[in-house]
Structures are given as C-alpha cells and as structure tokens.
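Peer 1: PDB, N, CA and C atoms, saved as my_file_3.pdb, coming up:
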```
ATOM      1  N   ASN A   1      52.938  -5.027 -40.053  1.00  0.00           N
ATOM      2  CA  ASN A   1      53.211  -6.392 -39.625  1.00  0.00           C
ATOM      3  C   ASN A   1      53.014  -6.516 -38.125  1.00  0.00           C
ATOM      4  N   THR A   2      52.213  -7.455 -37.726  1.00  0.00           N
ATOM      5  CA  THR A   2      52.016  -7.755 -36.318  1.00  0.00           C
ATOM      6  C   THR A   2      52.916  -8.913 -35.949  1.00  0.00           C
ATOM      7  N   CYS A   3      53.625  -8.800 -34.847  1.00  0.00           N
ATOM      8  CA  CYS A   3      54.550  -9.845 -34.422  1.00  0.00           C
ATOM      9  C   CYS A   3      53.789 -11.114 -34.065  1.00  0.00           C
ATOM     10  N   LYS A   4      54.222 -12.213 -34.614  1.00  0.00           N
ATOM     11  CA  LYS A   4      53.720 -13.543 -34.258  1.00  0.00           C
ATOM     12  C   LYS A   4      54.916 -14.268 -33.664  1.00  0.00           C
ATOM     13  N   CYS A   5      55.254 -13.972 -32.429  1.00  0.00           N
ATOM     14  CA  CYS A   5      56.497 -14.441 -31.809  1.00  0.00           C
ATOM     15  C   CYS A   5      56.841 -15.867 -32.187  1.00  0.00           C
ATOM     16  N   GLY A   6      58.089 -16.029 -32.616  1.00  0.00           N
ATOM     17  CA  GLY A   6      58.586 -17.331 -32.995  1.00  0.00           C
ATOM     18  C   GLY A   6      58.375 -17.669 -34.449  1.00  0.00           C
ATOM     19  N   LEU A   7      57.677 -16.833 -35.186  1.00  0.00           N
ATOM     20  CA  LEU A   7      57.443 -17.078 -36.603  1.00  0.00           C
ATOM     21  C   LEU A   7      57.944 -15.889 -37.407  1.00  0.00           C
ATOM     22  N   GLU A   8      58.280 -16.145 -38.665  1.00  0.00           N
ATOM     23  CA  GLU A   8      58.715 -15.043 -39.516  1.00  0.00           C
ATOM     24  C   GLU A   8      57.582 -14.044 -39.682  1.00  0.00           C
ATOM     25  N   CYS A   9      57.925 -12.784 -39.782  1.00  0.00           N
ATOM     26  CA  CYS A   9      56.946 -11.725 -40.015  1.00  0.00           C
ATOM     27  C   CYS A   9      57.088 -11.263 -41.457  1.00  0.00           C
ATOM     28  N   PRO A  10      56.067 -11.112 -42.213  1.00  0.00           N
ATOM     29  CA  PRO A  10      54.689 -11.502 -41.918  1.00  0.00           C
ATOM     30  C   PRO A  10      54.537 -13.016 -42.006  1.00  0.00           C
ATOM     31  N   ILE A  11      53.613 -13.548 -41.237  1.00  0.00           N
ATOM     32  CA  ILE A  11      53.427 -14.999 -41.185  1.00  0.00           C
ATOM     33  C   ILE A  11      52.875 -15.523 -42.509  1.00  0.00           C
ATOM     34  N   GLN A  12      53.401 -16.648 -42.932  1.00  0.00           N
ATOM     35  CA  GLN A  12      52.924 -17.334 -44.132  1.00  0.00           C
ATOM     36  C   GLN A  12      52.408 -18.695 -43.667  1.00  0.00           C
ATOM     37  N   VAL A  13      51.113 -18.752 -43.402  1.00  0.00           N
ATOM     38  CA  VAL A  13      50.504 -19.931 -42.793  1.00  0.00           C
ATOM     39  C   VAL A  13      50.858 -21.203 -43.552  1.00  0.00           C
ATOM     40  N   GLU A  14      50.781 -21.185 -44.875  1.00  0.00           N
ATOM     41  CA  GLU A  14      51.038 -22.385 -45.672  1.00  0.00           C
ATOM     42  C   GLU A  14      52.484 -22.863 -45.552  1.00  0.00           C
ATOM     43  N   LYS A  15      53.397 -21.974 -45.151  1.00  0.00           N
ATOM     44  CA  LYS A  15      54.803 -22.341 -45.001  1.00  0.00           C
ATOM     45  C   LYS A  15      55.070 -23.003 -43.648  1.00  0.00           C
ATOM     46  N   PHE A  16      54.357 -22.611 -42.612  1.00  0.00           N
ATOM     47  CA  PHE A  16      54.656 -23.053 -41.256  1.00  0.00           C
ATOM     48  C   PHE A  16      53.706 -24.107 -40.697  1.00  0.00           C
ATOM     49  N   PHE A  17      52.521 -24.208 -41.237  1.00  0.00           N
ATOM     50  CA  PHE A  17      51.540 -25.119 -40.662  1.00  0.00           C
ATOM     51  C   PHE A  17      51.053 -26.127 -41.684  1.00  0.00           C
ATOM     52  N   ASN A  18      50.923 -27.366 -41.252  1.00  0.00           N
ATOM     53  CA  ASN A  18      50.353 -28.422 -42.070  1.00  0.00           C
ATOM     54  C   ASN A  18      49.417 -29.193 -41.150  1.00  0.00           C
ATOM     55  N   PHE A  19      48.147 -29.142 -41.439  1.00  0.00           N
ATOM     56  CA  PHE A  19      47.158 -29.761 -40.571  1.00  0.00           C
ATOM     57  C   PHE A  19      46.798 -31.176 -41.008  1.00  0.00           C
ATOM     58  N   ASP A  20      47.568 -31.734 -41.936  1.00  0.00           N
ATOM     59  CA  ASP A  20      47.362 -33.104 -42.397  1.00  0.00           C
ATOM     60  C   ASP A  20      47.796 -34.063 -41.286  1.00  0.00           C
ATOM     61  N   PRO A  21      46.885 -34.891 -40.746  1.00  0.00           N
ATOM     62  CA  PRO A  21      47.251 -35.792 -39.642  1.00  0.00           C
ATOM     63  C   PRO A  21      48.256 -36.868 -40.047  1.00  0.00           C
ATOM     64  N   GLU A  22      48.454 -37.081 -41.337  1.00  0.00           N
ATOM     65  CA  GLU A  22      49.406 -38.089 -41.814  1.00  0.00           C
ATOM     66  C   GLU A  22      50.850 -37.582 -41.783  1.00  0.00           C
ATOM     67  N   VAL A  23      51.034 -36.274 -41.672  1.00  0.00           N
ATOM     68  CA  VAL A  23      52.372 -35.683 -41.694  1.00  0.00           C
ATOM     69  C   VAL A  23      52.947 -35.681 -40.283  1.00  0.00           C
ATOM     70  N   GLU A  24      54.169 -36.204 -40.144  1.00  0.00           N
ATOM     71  CA  GLU A  24      54.822 -36.269 -38.839  1.00  0.00           C
ATOM     72  C   GLU A  24      55.330 -34.883 -38.434  1.00  0.00           C
ATOM     73  N   SER A  25      55.144 -34.536 -37.174  1.00  0.00           N
ATOM     74  CA  SER A  25      55.630 -33.251 -36.665  1.00  0.00           C
ATOM     75  C   SER A  25      57.145 -33.258 -36.584  1.00  0.00           C
ATOM     76  N   GLN A  26      57.748 -32.094 -36.834  1.00  0.00           N
ATOM     77  CA  GLN A  26      59.186 -31.934 -36.726  1.00  0.00           C
ATOM     78  C   GLN A  26      59.464 -30.703 -35.878  1.00  0.00           C
ATOM     79  N   PRO A  27      60.277 -30.852 -34.828  1.00  0.00           N
ATOM     80  CA  PRO A  27      60.581 -29.694 -33.986  1.00  0.00           C
ATOM     81  C   PRO A  27      61.425 -28.674 -34.735  1.00  0.00           C
ATOM     82  N   TRP A  28      61.237 -27.404 -34.395  1.00  0.00           N
ATOM     83  CA  TRP A  28      62.006 -26.334 -35.012  1.00  0.00           C
ATOM     84  C   TRP A  28      63.327 -26.195 -34.286  1.00  0.00           C
ATOM     85  N   THR A  29      64.398 -25.992 -35.047  1.00  0.00           N
ATOM     86  CA  THR A  29      65.691 -25.648 -34.460  1.00  0.00           C
ATOM     87  C   THR A  29      66.296 -24.531 -35.289  1.00  0.00           C
ATOM     88  N   ALA A  30      67.074 -23.693 -34.658  1.00  0.00           N
ATOM     89  CA  ALA A  30      67.689 -22.565 -35.362  1.00  0.00           C
ATOM     90  C   ALA A  30      68.605 -23.046 -36.470  1.00  0.00           C
ATOM     91  N   SER A  31      69.357 -24.108 -36.228  1.00  0.00           N
ATOM     92  CA  SER A  31      70.324 -24.575 -37.219  1.00  0.00           C
ATOM     93  C   SER A  31      69.670 -25.314 -38.372  1.00  0.00           C
ATOM     94  N   SER A  32      68.499 -25.909 -38.165  1.00  0.00           N
ATOM     95  CA  SER A  32      67.883 -26.702 -39.224  1.00  0.00           C
ATOM     96  C   SER A  32      67.268 -25.840 -40.312  1.00  0.00           C
ATOM     97  N   ASN A  33      66.906 -24.607 -39.982  1.00  0.00           N
ATOM     98  CA  ASN A  33      66.233 -23.765 -40.962  1.00  0.00           C
ATOM     99  C   ASN A  33      67.184 -23.019 -41.875  1.00  0.00           C
ATOM    100  N   GLY A  34      68.360 -22.671 -41.404  1.00  0.00           N
ATOM    101  CA  GLY A  34      69.307 -21.924 -42.213  1.00  0.00           C
ATOM    102  C   GLY A  34      68.714 -20.637 -42.762  1.00  0.00           C
ATOM    103  N   GLU A  35      67.878 -20.012 -41.978  1.00  0.00           N
ATOM    104  CA  GLU A  35      67.171 -18.835 -42.457  1.00  0.00           C
ATOM    105  C   GLU A  35      67.953 -17.554 -42.201  1.00  0.00           C
ATOM    106  N   ASN A  36      67.587 -16.534 -42.927  1.00  0.00           N
ATOM    107  CA  ASN A  36      68.173 -15.215 -42.772  1.00  0.00           C
ATOM    108  C   ASN A  36      67.557 -14.564 -41.532  1.00  0.00           C
ATOM    109  N   LEU A  37      68.387 -14.200 -40.554  1.00  0.00           N
ATOM    110  CA  LEU A  37      67.860 -13.618 -39.323  1.00  0.00           C
ATOM    111  C   LEU A  37      67.180 -12.279 -39.556  1.00  0.00           C
ATOM    112  N   GLY A  38      67.413 -11.637 -40.690  1.00  0.00           N
ATOM    113  CA  GLY A  38      66.748 -10.381 -41.003  1.00  0.00           C
ATOM    114  C   GLY A  38      65.256 -10.549 -41.196  1.00  0.00           C
ATOM    115  N   ASN A  39      64.805 -11.780 -41.478  1.00  0.00           N
ATOM    116  CA  ASN A  39      63.379 -12.038 -41.676  1.00  0.00           C
ATOM    117  C   ASN A  39      62.632 -12.283 -40.374  1.00  0.00           C
ATOM    118  N   LEU A  40      63.346 -12.384 -39.280  1.00  0.00           N
ATOM    119  CA  LEU A  40      62.712 -12.733 -38.022  1.00  0.00           C
ATOM    120  C   LEU A  40      62.163 -11.510 -37.311  1.00  0.00           C
ATOM    121  N   CYS A  41      61.115 -11.718 -36.541  1.00  0.00           N
ATOM    122  CA  CYS A  41      60.594 -10.614 -35.736  1.00  0.00           C
ATOM    123  C   CYS A  41      61.616 -10.281 -34.650  1.00  0.00           C
ATOM    124  N   ASN A  42      61.526  -9.102 -34.080  1.00  0.00           N
ATOM    125  CA  ASN A  42      62.493  -8.661 -33.073  1.00  0.00           C
ATOM    126  C   ASN A  42      62.523  -9.576 -31.862  1.00  0.00           C
ATOM    127  N   HIS A  43      61.367 -10.053 -31.413  1.00  0.00           N
ATOM    128  CA  HIS A  43      61.335 -10.924 -30.237  1.00  0.00           C
ATOM    129  C   HIS A  43      62.114 -12.210 -30.489  1.00  0.00           C
ATOM    130  N   ARG A  44      61.916 -12.801 -31.636  1.00  0.00           N
ATOM    131  CA  ARG A  44      62.601 -14.063 -31.940  1.00  0.00           C
ATOM    132  C   ARG A  44      64.099 -13.837 -32.085  1.00  0.00           C
ATOM    133  N   ARG A  45      64.482 -12.742 -32.710  1.00  0.00           N
ATOM    134  CA  ARG A  45      65.899 -12.413 -32.859  1.00  0.00           C
ATOM    135  C   ARG A  45      66.554 -12.257 -31.480  1.00  0.00           C
ATOM    136  N   GLU A  46      65.855 -11.588 -30.568  1.00  0.00           N
ATOM    137  CA  GLU A  46      66.370 -11.397 -29.209  1.00  0.00           C
ATOM    138  C   GLU A  46      66.480 -12.730 -28.471  1.00  0.00           C
ATOM    139  N   ILE A  47      65.501 -13.603 -28.642  1.00  0.00           N
ATOM    140  CA  ILE A  47      65.531 -14.913 -27.987  1.00  0.00           C
ATOM    141  C   ILE A  47      66.706 -15.735 -28.498  1.00  0.00           C
ATOM    142  N   LEU A  48      66.937 -15.731 -29.818  1.00  0.00           N
ATOM    143  CA  LEU A  48      68.060 -16.483 -30.384  1.00  0.00           C
ATOM    144  C   LEU A  48      69.393 -15.927 -29.900  1.00  0.00           C
ATOM    145  N   ALA A  49      69.503 -14.604 -29.808  1.00  0.00           N
ATOM    146  CA  ALA A  49      70.744 -13.995 -29.326  1.00  0.00           C
ATOM    147  C   ALA A  49      70.987 -14.365 -27.862  1.00  0.00           C
ATOM    148  N   LEU A  50      69.943 -14.335 -27.058  1.00  0.00           N
ATOM    149  CA  LEU A  50      70.071 -14.692 -25.647  1.00  0.00           C
ATOM    150  C   LEU A  50      70.433 -16.172 -25.486  1.00  0.00           C
ATOM    151  N   ALA A  51      69.826 -17.033 -26.290  1.00  0.00           N
ATOM    152  CA  ALA A  51      70.141 -18.465 -26.229  1.00  0.00           C
ATOM    153  C   ALA A  51      71.591 -18.712 -26.624  1.00  0.00           C
ATOM    154  N   ALA A  52      72.075 -18.018 -27.645  1.00  0.00           N
ATOM    155  CA  ALA A  52      73.470 -18.171 -28.067  1.00  0.00           C
ATOM    156  C   ALA A  52      74.414 -17.692 -26.967  1.00  0.00           C
ATOM    157  N   PHE A  53      74.062 -16.589 -26.318  1.00  0.00           N
ATOM    158  CA  PHE A  53      74.879 -16.069 -25.225  1.00  0.00           C
ATOM    159  C   PHE A  53      74.951 -17.073 -24.077  1.00  0.00           C
ATOM    160  N   HIS A  54      73.798 -17.593 -23.664  1.00  0.00           N
ATOM    161  CA  HIS A  54      73.773 -18.559 -22.563  1.00  0.00           C
ATOM    162  C   HIS A  54      74.544 -19.820 -22.926  1.00  0.00           C
ATOM    163  N   SER A  55      74.435 -20.248 -24.159  1.00  0.00           N
ATOM    164  CA  SER A  55      75.160 -21.440 -24.604  1.00  0.00           C
ATOM    165  C   SER A  55      76.663 -21.212 -24.527  1.00  0.00           C
ATOM    166  N   SER A  56      77.123 -20.038 -24.962  1.00  0.00           N
ATOM    167  CA  SER A  56      78.556 -19.748 -24.925  1.00  0.00           C
ATOM    168  C   SER A  56      79.047 -19.630 -23.483  1.00  0.00           C
ATOM    169  N   GLN A  57      78.226 -19.062 -22.605  1.00  0.00           N
ATOM    170  CA  GLN A  57      78.601 -18.949 -21.197  1.00  0.00           C
ATOM    171  C   GLN A  57      78.684 -20.326 -20.541  1.00  0.00           C
ATOM    172  N   ALA A  58      77.747 -21.198 -20.861  1.00  0.00           N
ATOM    173  CA  ALA A  58      77.759 -22.550 -20.295  1.00  0.00           C
ATOM    174  C   ALA A  58      78.994 -23.306 -20.769  1.00  0.00           C
ATOM    175  N   GLU A  59      79.349 -23.136 -22.027  1.00  0.00           N
ATOM    176  CA  GLU A  59      80.535 -23.806 -22.573  1.00  0.00           C
ATOM    177  C   GLU A  59      81.800 -23.293 -21.889  1.00  0.00           C
ATOM    178  N   THR A  60      81.890 -21.986 -21.666  1.00  0.00           N
ATOM    179  CA  THR A  60      83.043 -21.394 -20.991  1.00  0.00           C
ATOM    180  C   THR A  60      83.152 -21.921 -19.560  1.00  0.00           C
ATOM    181  N   MET A  61      82.036 -21.991 -18.859  1.00  0.00           N
ATOM    182  CA  MET A  61      82.042 -22.495 -17.484  1.00  0.00           C
ATOM    183  C   MET A  61      82.450 -23.965 -17.446  1.00  0.00           C
ATOM    184  N   LEU A  62      81.963 -24.750 -18.383  1.00  0.00           N
ATOM    185  CA  LEU A  62      82.298 -26.171 -18.429  1.00  0.00           C
ATOM    186  C   LEU A  62      83.786 -26.364 -18.667  1.00  0.00           C
ATOM    187  N   LYS A  63      84.354 -25.589 -19.587  1.00  0.00           N
ATOM    188  CA  LYS A  63      85.791 -25.690 -19.865  1.00  0.00           C
ATOM    189  C   LYS A  63      86.613 -25.320 -18.635  1.00  0.00           C
ATOM    190  N   SER A  64      86.199 -24.283 -17.908  1.00  0.00           N
ATOM    191  CA  SER A  64      86.951 -23.883 -16.715  1.00  0.00           C
ATOM    192  C   SER A  64      86.827 -24.935 -15.613  1.00  0.00           C
ATOM    193  N   GLN A  65      85.682 -25.586 -15.503  1.00  0.00           N
ATOM    194  CA  GLN A  65      85.510 -26.646 -14.508  1.00  0.00           C
ATOM    195  C   GLN A  65      86.366 -27.859 -14.856  1.00  0.00           C
ATOM    196  N   ILE A  66      86.451 -28.185 -16.129  1.00  0.00           N
ATOM    197  CA  ILE A  66      87.278 -29.315 -16.562  1.00  0.00           C
ATOM    198  C   ILE A  66      88.741 -29.039 -16.243  1.00  0.00           C
ATOM    199  N   LYS A  67      89.198 -27.809 -16.484  1.00  0.00           N
ATOM    200  CA  LYS A  67      90.584 -27.441 -16.165  1.00  0.00           C
ATOM    201  C   LYS A  67      90.833 -27.542 -14.667  1.00  0.00           C
ATOM    202  N   ALA A  68      89.854 -27.154 -13.858  1.00  0.00           N
ATOM    203  CA  ALA A  68      90.004 -27.191 -12.403  1.00  0.00           C
ATOM    204  C   ALA A  68      90.089 -28.624 -11.885  1.00  0.00           C
ATOM    205  N   TRP A  69      89.430 -29.556 -12.556  1.00  0.00           N
ATOM    206  CA  TRP A  69      89.434 -30.953 -12.121  1.00  0.00           C
ATOM    207  C   TRP A  69      90.734 -31.663 -12.460  1.00  0.00           C
ATOM    208  N   LYS A  70      91.462 -31.148 -13.431  1.00  0.00           N
ATOM    209  CA  LYS A  70      92.698 -31.821 -13.878  1.00  0.00           C
ATOM    210  C   LYS A  70      93.833 -31.591 -12.928  1.00  0.00           C
TER     211      LYS A  70
END
```
Give the structure from the file, written as structure tokens.

Peer 2:
Amino acid sequence: NTCKCGLECPIQVEKFFNFDPEVESQPWTASSNGENLGNLCNHRREILALAAFHSSQAETMLKSQIKAWK
C-alpha cells in the first residue's frame, strides 16, 4: 500500500471521487465520516491526533482566559 495522504489506504477511487459536474462538492470532516481510524494511513492518523491536541489546548486556554476576565 502506498500512502495517499488524507485518503484511506488502499485508495478506492470510486468511493472518494465523483467527477459528475452535477454533483455538489462536500467538504470532508473527521466527524462526518464516522470512520474507523484503523483504516487511515499513518500520516492522516497523525494529523487528526495533532488537530485534536491543538483543539483541546485552545479550549483549555480559552477557559483559563474566561476565568481571568471574571
């Protein structure tokens, strides 16, 4: 399997791409797919973990700033 960053490995073209101009594009989100993270390539798994970490850190900082303002 060759990594196709951001796509499940091995890639299934018919599952991820639709070249019909009549079909509206939909952005990918981690929560919308509900997929098993075991199917993801290592790069994508690392990116999702890093994004979750940054999100939790931002939330923690925001909560501490709100407490400081009160």

Peer 1: Using atom C of A:Ala49 and atom CA of A:Met61 as the two end points, give the distance in Å to one decimal.

Peer 2: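 Distance reported for this atom pair: 17.2 Å.
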
Peer 1: Distance atom C of A:Ile11-atom C of A:Ala51, one decimal place?

Peer 2: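 Computing the Euclidean distance for atom C of A:Ile11 and atom C of A:Ala51 yields 24.8 Å.
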
Peer 1: Record the distance separating atom CA of A:Phe17 and atom CA of A:Leu48, expressed in Å with one decimal.

Peer 2: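 Taking atom CA of A:Phe17 and atom CA of A:Leu48, their separation equals 21.3 Å.
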